[in-house]
Amino acid sequence: MSGKPMTIKSMPQDDQLISGHGACGGCGLSTAVNNVLRILGPNTVVYAPASCFLVFSAMYPTSALKVPFIYSAFENTGAVISGISAGFRKQGKDVTVVGIAGDGGTFDIGLQAVSGAAERNDDVIYVCVDNEAYMNTGTQRSGSTPFGAWTTTTPVGKKVQGKREHKKDMMSVITAQDVPYAATLSIAHPNDFVRKVEKAKAIEGFRFLHIMTPCTSGWKTEPSITYELARLAVETGMWTLYEVENGEKKITYRPKEMMPVENYLKLQGRFKHMSKADIEELQKWLCKRWNRHYNPNMVNGEGQEQKELAYAGEESEGL
Ligand SMILES: Cc1ncc(C[n+]2csc(CCOP(=O)(O)OP(=O)(O)O)c2C)c(N)n1
Ligand code: SF4
Ligand SMILES: [Mg+2]
């Protein structure tokens, strides 16, 4: 990479994911994939496992992708992109190999394959487009689904209301393997997004891009608020923007102050049943996360009163 970092204005405008694909209106995932592929450019081969991306862009016999595209099984994105990359290396060809998998295909069923590719430092880019559930199969919970969320496998009833477990920290799983580059991205922070993809493209070895992608269908939201949700996720601590390069972590955007998570939850049907106690539980978990990211020298938040943490409920300044 040389000169000025790429921005949303200066990035390539040639679409590799062309119009006519079948994503829902307001789909955050299609925007994310479109921009990743514009930056990676035509000298790219894409692998996608079973996921919304596969379903909306590559249903046989048509494809909305201009670049070569390969699909095999749900669980093996890491393994297949490693193989494609090795094949090009053997032929002496310099081609960008990217796997674009969902959260289910990454956090859960594809974990072994992505971990293997990371540990071998294979020369590939792994993109996880995270819509926080198994969406194309009708919204089942994954290891990425947030606490309290309704899904068809974490239903809302008298005894249990939505998912009881918190979201898995996938970035920690990946960066535990000393990869050259891993970053979190948001479609609501386009310049940060573009810079990270450009950076990943220029680095050799295993690169991991984790993108939060709001989903109108599974989150039960209006298509018009996709960007607002992506923005609020960062402001409330539901998503954090950072990168880890050769083991060194850098926060790339820090909100001025923490917004109550309720501002984010109330816009989404998947959270509409949440009790006060559950919202408080999620808020406490977020406060610990917030401090782990933004105030790492302040201990990890264990055993502290909530008022000592980043967000102090109604008493917080400026709320
Ligand atoms: C071994 C195997 N198990 C289950 C399935 C069915 N299946 C296909 S896609 C999918 C969910 C994918 O979820 P995710 O990876 O989060 O992608 P999204 O649909 O949300 O984009 C499931 C369960 C499958 N194709 N193969
Ligand atoms: S179900 Fe969600 S992720 Fe899938 S195409 Fe629709 S909006 Fe996008
Ligand atoms: Mg998903």
# chains A, B, ... in the order shown; residues from 1 in each chain; ligands from 1

$ closest_atom_pairs --of "chain A" --to "ligand 1" --cutoff "8 Å" --atoms "only C-alpha atoms and all ligand atoms" --output "Markdown table"
| residue | atom | partner | partner_atom_place_in_ligand_line | distance |
| --- | --- | --- | --- | --- |
| A:Leu29 | CA | ligand 1 | 21 (O) | 7.9 |
| A:Pro49 | CA | ligand 1 | 9 (S) | 7.4 |
| A:Ala50 | CA | ligand 1 | 9 (S) | 4.1 |
| A:Ser51 | CA | ligand 1 | 19 (O) | 3.6 |
| A:Cys52 | CA | ligand 1 | 21 (O) | 3.7 |
| A:Phe53 | CA | ligand 1 | 21 (O) | 5.8 |
| A:Leu54 | CA | ligand 1 | 21 (O) | 7.9 |
| A:Ala73 | CA | ligand 1 | 26 (N) | 6.3 |
| A:Phe74 | CA | ligand 1 | 26 (N) | 4.8 |
| A:Glu75 | CA | ligand 1 | 1 (C) | 6.1 |
| A:Ala101 | CA | ligand 1 | 15 (O) | 5.9 |
| A:Gly102 | CA | ligand 1 | 15 (O) | 3.5 |
| A:Asp103 | CA | ligand 1 | 16 (O) | 4.0 |
| A:Gly104 | CA | ligand 1 | 15 (O) | 3.4 |
| A:Gly105 | CA | ligand 1 | 15 (O) | 3.7 |
| A:Thr106 | CA | ligand 1 | 15 (O) | 6.6 |
| A:Ile109 | CA | ligand 1 | 1 (C) | 7.5 |
| A:Val129 | CA | ligand 1 | 21 (O) | 7.1 |
| A:Asp130 | CA | ligand 1 | 16 (O) | 6.7 |
| A:Asn131 | CA | ligand 1 | 20 (O) | 5.7 |
| A:Glu132 | CA | ligand 1 | 16 (O) | 6.6 |
| A:Ala133 | CA | ligand 1 | 16 (O) | 5.0 |
| A:Tyr134 | CA | ligand 1 | 13 (O) | 3.4 |
| A:Met135 | CA | ligand 1 | 20 (O) | 3.7 |
| A:Asn136 | CA | ligand 1 | 19 (O) | 3.8 |
| A:Thr137 | CA | ligand 1 | 11 (C) | 5.5 |
| A:Thr139 | CA | ligand 1 | 20 (O) | 7.5 |
| A:Gln140 | CA | ligand 1 | 23 (C) | 7.7 |
| A:Ser142 | CA | ligand 1 | 16 (O) | 6.9 |

$ residues_around --residues "Gly78 (chain A)" --least-positions-apart "5" --cutoff "8 Å" --atoms "only C-alpha atoms" --output "JSON, numbers by chain"
{"A": [99, 110, 113, 114, 115, 116, 117, 126]}

$ write_last_selection --atoms "N, CA and C atoms" --output "PDB file, in the first residue's frame"
ATOM      1  N   GLY A  99     -12.544 -16.126   0.959  1.00  0.00           N
ATOM      2  CA  GLY A  99     -13.711 -16.906   1.378  1.00  0.00           C
ATOM      3  C   GLY A  99     -14.655 -15.975   2.094  1.00  0.00           C
ATOM      4  N   GLY A 110     -17.903 -24.062  10.722  1.00  0.00           N
ATOM      5  CA  GLY A 110     -16.639 -23.954   9.978  1.00  0.00           C
ATOM      6  C   GLY A 110     -15.447 -23.630  10.854  1.00  0.00           C
ATOM      7  N   ALA A 113     -12.118 -25.547  10.243  1.00  0.00           N
ATOM      8  CA  ALA A 113     -11.441 -25.230   8.973  1.00  0.00           C
ATOM      9  C   ALA A 113     -10.816 -23.835   9.007  1.00  0.00           C
ATOM     10  N   VAL A 114     -11.527 -22.863   9.589  1.00  0.00           N
ATOM     11  CA  VAL A 114     -10.946 -21.507   9.632  1.00  0.00           C
ATOM     12  C   VAL A 114      -9.754 -21.478  10.576  1.00  0.00           C
ATOM     13  N   SER A 115      -9.850 -22.227  11.664  1.00  0.00           N
ATOM     14  CA  SER A 115      -8.742 -22.276  12.619  1.00  0.00           C
ATOM     15  C   SER A 115      -7.504 -22.912  11.972  1.00  0.00           C
ATOM     16  N   GLY A 116      -7.717 -23.956  11.173  1.00  0.00           N
ATOM     17  CA  GLY A 116      -6.592 -24.610  10.493  1.00  0.00           C
ATOM     18  C   GLY A 116      -5.898 -23.664   9.519  1.00  0.00           C
ATOM     19  N   ALA A 117      -6.702 -22.940   8.736  1.00  0.00           N
ATOM     20  CA  ALA A 117      -6.120 -22.002   7.762  1.00  0.00           C
ATOM     21  C   ALA A 117      -5.348 -20.890   8.475  1.00  0.00           C
ATOM     22  N   TYR A 126     -10.112 -14.257   4.711  1.00  0.00           N
ATOM     23  CA  TYR A 126     -11.351 -14.886   5.194  1.00  0.00           C
ATOM     24  C   TYR A 126     -12.261 -13.755   5.673  1.00  0.00           C
TER      25      TYR A 126
END

$ residues_near_ligand --ligand "ligand 2" --cutoff "8 Å" --atoms "only C-alpha atoms and all ligand atoms" --output "list in words"
Gly22, Ala23, Cys24, Gly25, Gly26, Cys27, Gly28, Leu29, Ser30, Ser51, Cys52, Phe53, Phe56, Asn131, Met135, Asn136, Gly138, Thr213, Pro214, Cys215, Thr216, Ser217, Gly218 and Trp219 of chain A

$ residues_around --residues "region 33-43 of chain A" --least-positions-apart "3" --cutoff "9 Å" --atoms "only C-alpha atoms" --output "list in words"
Met11, Pro12, Gln13, Asp14, Asp15, Gln16, Leu17, Ile18, Gly28, Leu29, Ser30, Phe53, Lys66, Val67, Pro68, Asp94, Val95, Thr96, Val97, Val98, Ile100, Val127, Val129, Phe193, Val194, Val197, Glu198 and Lys201 of chain A

$ residues_around --residues "region 230-236 of chain A" --least-positions-apart "4" --cutoff "7 Å" --atoms "only C-alpha atoms" --output "short mmCIF file (atom, residue, chain, number, x, y, z; two decimals) with C-alpha atoms, in the first residue's frame"
data_model
loop_
_atom_site.label_atom_id
_atom_site.label_comp_id
_atom_site.auth_asym_id
_atom_site.auth_seq_id
_atom_site.Cartn_x
_atom_site.Cartn_y
_atom_site.Cartn_z
CA SER A 186 -18.92 -1.79 9.98
CA ILE A 187 -20.86 -0.62 6.94
CA ALA A 188 -21.69 2.54 8.93
CA PRO A 214 -27.64 -6.00 9.87
CA THR A 226 -29.87 -0.74 8.30
CA THR A 240 -16.22 -2.54 18.36
CA PRO A 255 -17.32 6.51 20.56
CA MET A 258 -21.42 4.74 25.71
CA MET A 259 -25.05 4.84 24.63
CA PRO A 260 -27.54 2.65 26.54
CA VAL A 261 -28.10 -0.60 24.67
CA TYR A 264 -30.33 -0.26 19.82
#

$ closest_atom_pairs --of "region 192-294 of chain A" --to "region 175-185 of chain A" --cutoff "6 Å" --atoms "only C-alpha atoms" --output "JSON lines"
{"residue": "A:Phe193", "atom": "CA", "partner": "A:Leu185", "partner_atom": "CA", "distance": 5.4}
{"residue": "A:Phe206", "atom": "CA", "partner": "A:Val179", "partner_atom": "CA", "distance": 5.9}
{"residue": "A:Arg207", "atom": "CA", "partner": "A:Tyr181", "partner_atom": "CA", "distance": 4.9}
{"residue": "A:Phe208", "atom": "CA", "partner": "A:Ala182", "partner_atom": "CA", "distance": 4.5}
{"residue": "A:Leu209", "atom": "CA", "partner": "A:Ala183", "partner_atom": "CA", "distance": 5.1}
{"residue": "A:His210", "atom": "CA", "partner": "A:Thr184", "partner_atom": "CA", "distance": 4.7}
{"residue": "A:Ile211", "atom": "CA", "partner": "A:Leu185", "partner_atom": "CA", "distance": 4.6}
{"residue": "A:Leu241", "atom": "CA", "partner": "A:Thr184", "partner_atom": "CA", "distance": 5.4}
{"residue": "A:Tyr242", "atom": "CA", "partner": "A:Thr184", "partner_atom": "CA", "distance": 5.7}
{"residue": "A:Glu243", "atom": "CA", "partner": "A:Ala183", "partner_atom": "CA", "distance": 4.0}
{"residue": "A:Val244", "atom": "CA", "partner": "A:Ala182", "partner_atom": "CA", "distance": 5.2}
{"residue": "A:Glu245", "atom": "CA", "partner": "A:Tyr181", "partner_atom": "CA", "distance": 4.6}
{"residue": "A:Asn246", "atom": "CA", "partner": "A:Pro180", "partner_atom": "CA", "distance": 4.7}

$ select_by_dssp --residues "region 29-233 of chain A" --states "alpha helix (DSSP H)" --output "ChimeraX atom specification"
/A:29-40,52-57,77-91,111-119,170-175,190-202,216-219,226-233

$ closest_residue --among "A:Ser19, A:Cys128, A:Ala48, A:Lys4" --to "Ala32 (chain A)" --atoms "only C-alpha atoms"
A:Cys128
